[in-house]
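> Sharing coords01.tsv below, TSV, C-alpha atoms:
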```
chain	number	residue	atom	x	y	z
U	1	MET	CA	-35.87	-23.06	-39.90
U	2	ARG	CA	-32.37	-21.63	-39.81
U	3	SER	CA	-33.80	-18.17	-39.11
U	4	LEU	CA	-35.77	-19.56	-36.18
U	5	LEU	CA	-32.60	-21.17	-34.81
U	6	LYS	CA	-30.75	-17.88	-35.09
U	7	VAL	CA	-33.53	-16.02	-33.33
U	8	GLY	CA	-33.63	-18.69	-30.65
U	9	ALA	CA	-29.87	-18.44	-30.13
U	10	VAL	CA	-30.08	-14.66	-29.81
U	11	VAL	CA	-32.95	-14.91	-27.34
U	12	LEU	CA	-31.06	-17.52	-25.31
U	13	ALA	CA	-27.92	-15.36	-25.26
U	14	MET	CA	-29.90	-12.35	-24.14
U	15	ALA	CA	-31.63	-14.38	-21.42
U	16	LEU	CA	-28.30	-15.68	-20.13
U	17	LEU	CA	-26.82	-12.19	-20.15
U	18	TYR	CA	-29.88	-10.89	-18.30
U	19	TRP	CA	-29.65	-13.70	-15.74
U	20	PHE	CA	-25.92	-13.61	-15.06
U	21	SER	CA	-24.90	-9.96	-15.50
U	22	VAL	CA	-25.03	-7.42	-12.69
U	23	PRO	CA	-25.15	-3.67	-13.33
U	24	TYR	CA	-22.17	-1.99	-11.66
U	25	ALA	CA	-24.45	0.25	-9.60
U	26	ARG	CA	-26.23	-2.80	-8.15
U	27	VAL	CA	-23.07	-4.34	-6.69
U	28	ARG	CA	-22.53	-3.79	-2.98
U	29	ILE	CA	-19.00	-4.16	-1.58
U	30	ILE	CA	-18.67	-5.12	2.09
U	31	ALA	CA	-15.32	-5.11	3.90
U	32	GLY	CA	-14.07	-5.02	7.46
U	33	ALA	CA	-13.60	-1.71	9.21
U	34	ASP	CA	-9.84	-1.84	8.60
U	35	ASP	CA	-10.21	-2.46	4.87
U	36	ALA	CA	-13.39	-0.71	3.74
U	37	ASP	CA	-11.86	2.64	2.79
U	38	LEU	CA	-9.09	1.22	0.64
U	39	ILE	CA	-11.20	-1.48	-1.04
U	40	GLY	CA	-14.01	0.99	-1.68
U	41	ALA	CA	-11.64	3.48	-3.30
U	42	VAL	CA	-10.08	0.87	-5.58
U	43	TRP	CA	-13.47	-0.56	-6.56
U	44	ALA	CA	-14.91	2.89	-7.26
U	45	ALA	CA	-12.07	3.57	-9.70
U	46	GLN	CA	-13.18	0.66	-11.91
U	47	PRO	CA	-15.13	1.28	-15.16
U	48	SER	CA	-18.85	1.34	-14.35
U	49	SER	CA	-19.89	-1.33	-16.85
U	50	ALA	CA	-22.03	-4.38	-16.19
U	51	LEU	CA	-20.29	-7.29	-14.47
U	52	VAL	CA	-20.79	-10.72	-15.99
U	53	PHE	CA	-20.22	-14.19	-14.48
U	54	LEU	CA	-19.02	-12.98	-11.10
U	55	ASN	CA	-16.43	-15.17	-9.41
U	56	SER	CA	-13.57	-14.68	-6.96
U	57	TRP	CA	-10.90	-14.56	-9.66
U	58	TYR	CA	-12.81	-11.87	-11.55
U	59	ILE	CA	-13.21	-9.75	-8.40
U	60	GLU	CA	-9.51	-10.09	-7.52
U	61	GLU	CA	-8.65	-8.84	-11.00
U	62	LYS	CA	-10.94	-5.84	-10.49
U	63	LEU	CA	-9.28	-5.05	-7.16
U	64	LYS	CA	-5.89	-4.58	-8.83
U	65	ASP	CA	-3.68	-7.00	-6.91
U	66	LEU	CA	-4.69	-5.96	-3.42
U	67	PRO	CA	-3.64	-8.77	-1.02
U	68	ILE	CA	-7.07	-10.39	-0.81
U	69	ALA	CA	-7.44	-13.10	1.82
U	70	ARG	CA	-11.04	-14.14	1.06
U	71	ILE	CA	-13.95	-13.21	-1.19
U	72	ARG	CA	-17.58	-14.23	-0.71
U	73	ILE	CA	-20.19	-13.49	-3.40
U	74	SER	CA	-23.94	-13.50	-2.82
U	75	ARG	CA	-26.33	-13.12	-5.78
U	76	GLU	CA	-29.95	-12.00	-5.73
U	77	ARG	CA	-31.28	-12.67	-9.19
U	78	PRO	CA	-31.52	-11.07	-11.52
U	79	TRP	CA	-29.45	-7.96	-10.81
U	80	ASN	CA	-28.21	-7.59	-7.25
U	81	ALA	CA	-24.90	-8.84	-5.86
U	82	THR	CA	-23.14	-8.46	-2.55
U	83	ILE	CA	-19.39	-9.05	-2.38
U	84	GLU	CA	-17.65	-9.46	0.96
U	85	VAL	CA	-13.89	-8.92	0.88
U	86	ASP	CA	-11.25	-9.64	3.51
U	87	MET	CA	-7.83	-8.12	2.88
U	88	GLY	CA	-4.41	-8.20	4.46
U	89	LYS	CA	-3.17	-4.92	5.90
U	90	PRO	CA	-0.42	-2.81	4.24
U	91	ASP	CA	3.13	-2.97	5.55
U	92	LEU	CA	2.97	0.69	6.48
U	93	VAL	CA	1.12	3.93	5.84
U	94	VAL	CA	3.30	6.94	5.00
U	95	ILE	CA	1.70	10.19	6.13
U	96	GLU	CA	2.51	13.87	5.80
U	97	GLY	CA	-0.17	16.44	6.48
U	98	ASP	CA	-3.38	15.22	4.87
U	99	ARG	CA	-1.60	12.82	2.49
U	100	ARG	CA	-1.69	9.13	3.36
U	101	ALA	CA	-0.14	6.38	1.24
U	102	ALA	CA	-0.77	2.73	2.15
U	103	VAL	CA	2.18	0.68	0.87
U	104	PHE	CA	2.35	-3.07	0.29
U	105	VAL	CA	6.10	-3.52	0.04
U	106	ASP	CA	6.31	-7.07	-1.34
U	107	LEU	CA	3.68	-6.32	-3.98
U	108	ALA	CA	5.26	-2.93	-4.81
U	109	LYS	CA	1.77	-1.43	-4.62
U	110	VAL	CA	0.71	1.88	-3.08
U	111	TYR	CA	-2.76	3.38	-2.61
U	112	MET	CA	-3.78	6.81	-1.40
U	113	VAL	CA	-6.25	6.46	1.50
U	114	THR	CA	-8.22	8.79	3.72
U	115	VAL	CA	-8.95	6.58	6.75
U	116	ILE	CA	-6.21	4.76	8.69
U	117	PRO	CA	-7.36	1.91	10.96
U	118	ASP	CA	-5.69	1.62	14.37
U	119	ALA	CA	-4.14	-1.72	13.43
U	120	TRP	CA	-2.08	-0.26	10.57
U	121	ARG	CA	1.54	0.81	11.03
U	122	ILE	CA	1.98	4.56	10.56
U	123	VAL	CA	5.20	6.35	9.60
U	124	GLU	CA	5.20	10.15	9.58
U	125	VAL	CA	7.57	11.92	7.17
U	126	HIS	CA	8.48	15.45	6.11
U	127	GLY	CA	9.61	16.93	2.80
U	128	PHE	CA	7.89	14.42	0.49
U	129	PRO	CA	6.29	15.78	-2.71
U	130	SER	CA	2.92	17.45	-2.15
U	131	GLN	CA	1.32	16.28	-5.40
U	132	PRO	CA	-0.62	13.07	-4.59
U	133	SER	CA	0.77	10.81	-7.33
U	134	ALA	CA	4.34	11.97	-6.65
U	135	PHE	CA	3.78	11.47	-2.91
U	136	ALA	CA	2.54	7.94	-3.56
U	137	ALA	CA	5.51	7.13	-5.81
U	138	THR	CA	8.04	8.51	-3.30
U	139	SER	CA	6.33	6.65	-0.46
U	140	ALA	CA	6.58	3.38	-2.41
U	141	GLU	CA	10.24	4.07	-3.23
U	142	TYR	CA	11.28	4.71	0.37
U	143	ALA	CA	8.90	2.23	2.02
U	144	PRO	CA	11.47	-0.61	2.34
U	145	LEU	CA	13.89	1.75	4.12
U	146	LEU	CA	11.18	3.22	6.34
U	147	LEU	CA	9.95	-0.28	7.19
U	148	ALA	CA	13.49	-1.46	8.04
U	149	LEU	CA	13.83	1.50	10.41
U	150	GLU	CA	10.49	0.66	12.05
U	151	ARG	CA	11.48	-2.97	12.54
U	152	ASN	CA	14.67	-1.85	14.28
U	153	GLY	CA	12.97	0.80	16.35
U	154	GLU	CA	14.42	-0.44	19.63
U	155	GLN	CA	17.96	0.18	18.42
U	156	LEU	CA	17.28	3.23	16.27
U	157	LYS	CA	14.84	5.41	18.19
U	158	VAL	CA	13.65	7.77	15.46
U	159	SER	CA	12.23	11.20	16.19
U	160	ASN	CA	12.00	12.60	12.65
U	161	ARG	CA	12.24	11.45	9.00
U	162	SER	CA	12.79	14.09	6.34
U	163	LEU	CA	13.50	14.08	2.60
U	164	SER	CA	16.06	16.67	1.48
U	165	SER	CA	18.65	17.27	-1.22
U	166	LYS	CA	20.77	14.62	0.56
U	167	GLY	CA	17.97	12.06	0.32
U	168	LEU	CA	16.35	10.66	3.44
U	169	LEU	CA	17.57	12.18	6.70
U	170	VAL	CA	16.66	10.47	9.95
U	171	TYR	CA	17.04	12.14	13.33
U	172	LEU	CA	17.32	9.98	16.43
U	173	LYS	CA	16.00	10.91	19.85
U	174	ASP	CA	19.54	11.08	21.26
U	175	GLY	CA	20.52	13.80	18.75
U	176	LYS	CA	22.28	11.69	16.13
U	177	GLN	CA	21.58	12.33	12.44
U	178	LEU	CA	21.57	9.51	9.89
U	179	VAL	CA	21.99	10.39	6.20
U	180	PHE	CA	20.54	7.50	4.18
U	181	GLY	CA	20.48	9.18	0.78
U	182	ASP	CA	18.44	7.22	-1.75
U	183	ALA	CA	16.26	4.19	-1.00
U	184	SER	CA	18.75	1.58	-2.18
U	185	SER	CA	20.33	-1.12	0.05
U	186	ALA	CA	17.88	-0.45	2.87
U	187	GLY	CA	18.88	-3.46	4.98
U	188	SER	CA	22.61	-2.80	4.67
U	189	LYS	CA	22.26	0.89	5.53
U	190	VAL	CA	20.19	0.19	8.62
U	191	GLU	CA	22.66	-2.47	9.79
U	192	ARG	CA	25.54	0.00	9.44
U	193	ALA	CA	23.59	2.67	11.29
U	194	ILE	CA	22.93	0.27	14.18
U	195	ALA	CA	26.62	-0.71	14.29
U	196	VAL	CA	27.70	2.93	14.65
U	197	VAL	CA	25.02	3.78	17.20
U	198	ASN	CA	26.15	0.84	19.36
U	199	MET	CA	29.82	1.84	19.34
U	200	PRO	CA	30.82	2.93	22.88
U	201	GLU	CA	32.65	6.03	21.60
U	202	PHE	CA	29.49	7.31	19.90
U	203	LYS	CA	26.75	6.31	22.31
U	204	SER	CA	26.56	9.69	24.02
U	205	SER	CA	27.60	11.80	21.01
U	206	LYS	CA	25.36	13.78	18.66
U	207	VAL	CA	27.20	12.75	15.52
U	208	MET	CA	26.14	12.70	11.88
U	209	VAL	CA	26.46	9.31	10.21
U	210	ASP	CA	26.59	9.37	6.41
U	211	LEU	CA	25.42	6.03	4.97
U	212	ARG	CA	25.36	7.00	1.30
U	213	PHE	CA	28.66	5.29	0.48
U	214	ASP	CA	28.50	1.61	-0.42
U	215	GLY	CA	29.45	-0.60	2.53
U	216	GLN	CA	30.62	2.29	4.69
U	217	ALA	CA	29.43	4.57	7.46
U	218	VAL	CA	31.20	7.92	7.29
U	219	ILE	CA	31.27	10.20	10.33
U	220	PRO	CA	32.42	13.69	9.22
U	221	GLU	CA	32.72	15.04	12.76
U	222	LYS	CA	34.04	12.74	15.45
U	223	PRO	CA	33.43	13.53	19.12
```
Represent the supplied structure as structure tokens.

Amino acid sequence: MRSLLKVGAVVLAMALLYWFSVPYARVRIIAGADDADLIGAVWAAQPSSALVFLNSWYIEEKLKDLPIARIRISRERPWNATIEVDMGKPDLVVIEGDRRAAVFVDLAKVYMVTVIPDAWRIVEVHGFPSQPSAFAATSAEYAPLLLALERNGEQLKVSNRSLSSKGLLVYLKDGKQLVFGDASSAGSKVERAIAVVNMPEFKSSKVMVDLRFDGQAVIPEKP
């Protein structure tokens, strides 16, 4: 009798596994045009094992903390599943040549992408590392500073952003050069840069403004 119960339990477990599990290859991910490339890349990087007891929480875990707005799961028993995913857009995409890093600043997450939807904010840089993982890490590091510059674009009209031995150098369209150095204190550095740019004595001057010193804006060459 006990043997029959054991066999029955095994058969029941196998039937449940058969009914609820979905082979990885039979899962179809659907996303909006703006999100499909990034979501597809993150999903494809997951281990290709069978998925069991699909639910929204499980899918969010698989998508590695992407800012998911909504997930809809449709099952076709026994083995097919369609997952529709809506995602928030990244704060900015850092690009240089054929390298593109989508950065979610608040989440401190960065993903290398190949397609950039029109709705995403793009920031072009120069001098970042060429190796993809190093490019992604540097993009994440400087993203808060790059984003602060973008948000103050009316006051700081940027023509070029370049990483050098001095850190991040930013060239304005009126000829001024801003030396930001490392990525720390992004908000404070941008505020100091705006204050200098708005000073009457510097408005028409092509000065260099060094912002690497805490709480200061140093101008080596005055007009």
> One decimal, Å: what's the distance from CA of Ala195 (chain U) over to CA of Ile122 (chain U), could you say?
25.5 Å
> Quick one, how far is CA of Lys203 (chain U) from CA of Ile219 (chain U)?
13.4 Å
> Residues of region 98-156 of chain U that approach region 24-42 of chain U to 12 Å or less, counting all atoms listed in the file: could you list each one with the shortest pair of atoms and its distance in Å to one decimal, rows by chain and increasing residue number, as JSON lines?

```
{"residue": "U:Arg100", "atom": "CA", "partner": "U:Leu38", "partner_atom": "CA", "distance": 11.2}
{"residue": "U:Ala101", "atom": "CA", "partner": "U:Leu38", "partner_atom": "CA", "distance": 10.3}
{"residue": "U:Ala102", "atom": "CA", "partner": "U:Leu38", "partner_atom": "CA", "distance": 8.6}
{"residue": "U:Val103", "atom": "CA", "partner": "U:Leu38", "partner_atom": "CA", "distance": 11.3}
{"residue": "U:Val110", "atom": "CA", "partner": "U:Leu38", "partner_atom": "CA", "distance": 10.5}
{"residue": "U:Tyr111", "atom": "CA", "partner": "U:Leu38", "partner_atom": "CA", "distance": 7.4}
{"residue": "U:Met112", "atom": "CA", "partner": "U:Leu38", "partner_atom": "CA", "distance": 8.0}
{"residue": "U:Val113", "atom": "CA", "partner": "U:Leu38", "partner_atom": "CA", "distance": 6.0}
{"residue": "U:Thr114", "atom": "CA", "partner": "U:Asp37", "partner_atom": "CA", "distance": 7.2}
{"residue": "U:Val115", "atom": "CA", "partner": "U:Asp37", "partner_atom": "CA", "distance": 6.3}
{"residue": "U:Ile116", "atom": "CA", "partner": "U:Asp34", "partner_atom": "CA", "distance": 7.5}
{"residue": "U:Pro117", "atom": "CA", "partner": "U:Asp34", "partner_atom": "CA", "distance": 5.1}
{"residue": "U:Asp118", "atom": "CA", "partner": "U:Asp34", "partner_atom": "CA", "distance": 7.9}
{"residue": "U:Ala119", "atom": "CA", "partner": "U:Asp34", "partner_atom": "CA", "distance": 7.5}
{"residue": "U:Trp120", "atom": "CA", "partner": "U:Asp34", "partner_atom": "CA", "distance": 8.2}
{"residue": "U:Arg121", "atom": "CA", "partner": "U:Asp34", "partner_atom": "CA", "distance": 11.9}
```
> Have a look at U:Val196, U:Ala217, U:Ile73, U:Leu168 and name the one nearest to Val125 (chain U); count only C-alpha atoms.
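Among the listed residues, the smallest separation from Val125 (chain U) belongs to U:Leu168.
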> I'd like a table as a Markdown table: residues in region 33-107 of chain U with an atom no more than 12 Å from region 135-141 of chain U, each row giving the shortest atom pair and its distance in Å to one decimal, all atoms listed in the file counted, sorted by chain and rising residue number.

```
| residue | atom | partner | partner_atom | distance |
| --- | --- | --- | --- | --- |
| U:Pro90 | CA | U:Ala140 | CA | 11.5 |
| U:Asp91 | CA | U:Ala140 | CA | 10.8 |
| U:Leu92 | CA | U:Ser139 | CA | 9.7 |
| U:Val93 | CA | U:Ser139 | CA | 8.6 |
| U:Val94 | CA | U:Ser139 | CA | 6.3 |
| U:Ile95 | CA | U:Ser139 | CA | 8.8 |
| U:Glu96 | CA | U:Phe135 | CA | 9.1 |
| U:Gly97 | CA | U:Phe135 | CA | 11.3 |
| U:Asp98 | CA | U:Phe135 | CA | 11.2 |
| U:Arg99 | CA | U:Phe135 | CA | 7.7 |
| U:Arg100 | CA | U:Ala136 | CA | 8.2 |
| U:Ala101 | CA | U:Ala136 | CA | 5.7 |
| U:Ala102 | CA | U:Ala136 | CA | 8.4 |
| U:Val103 | CA | U:Ala140 | CA | 6.1 |
| U:Phe104 | CA | U:Ala140 | CA | 8.2 |
| U:Val105 | CA | U:Ala140 | CA | 7.3 |
| U:Asp106 | CA | U:Ala140 | CA | 10.5 |
| U:Leu107 | CA | U:Ala140 | CA | 10.2 |
```
> What's the separation between CA of Ile59 (chain U) and CA of Pro23 (chain U), in Å to one decimal place?
14.3 Å
> Could you check which of U:Leu211, U:Asn152, U:Val197, U:Arg77 is closest to Gly181 (chain U), using only C-alpha atoms?
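Under the stated criterion, the closest residue is U:Leu211.
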> Which one is closest to Leu169 (chain U): U:Gly215, U:Pro132, U:Pro200, U:Gly127? Count all atoms listed in the file.
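Ranked by minimum distance to Leu169 (chain U), first place goes to U:Gly127.
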> Determine, counting only C-alpha atoms, which protein, DNA and RNA residues have an atom within 12 Å of an atom of Phe213 (chain U); residues of the same chain fewer than 3 positions away are not included. Present the result as a ChimeraX atom specification.
/U:179-182,184-185,188-189,192,209-210,216-219
> Write out as a PyMOL selection string the residues lying within 9 Å of Val170 (chain U), counting only C-alpha atoms and excluding same-chain residues fewer than 4 positions away.
chain U and resi 158-163+176-180
> Here is a test: counting all atoms listed in the file, which residue of U:Asn55, U:Lys166, U:Val123, U:Ala69 is nearest to Ala148 (chain U)?
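Under the stated criterion, the closest residue is U:Val123.
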> Compare U:Arg70, U:Lys64, U:His126, U:Glu150 by their minimum atom-to-atom distance to Ala108 (chain U), counting all atoms listed in the file, and give me the closest one.
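Nearest candidate to Ala108 (chain U) out of U:Arg70, U:Lys64, U:His126, U:Glu150: U:Lys64.
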> Would you mind telling me which residue in U:Pro78, U:Gly88, U:Pro144, U:Pro47 lies nearest to Leu66 (chain U) when using all atoms listed in the file?
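Answer, going by the shortest atom-to-atom distance: U:Gly88.
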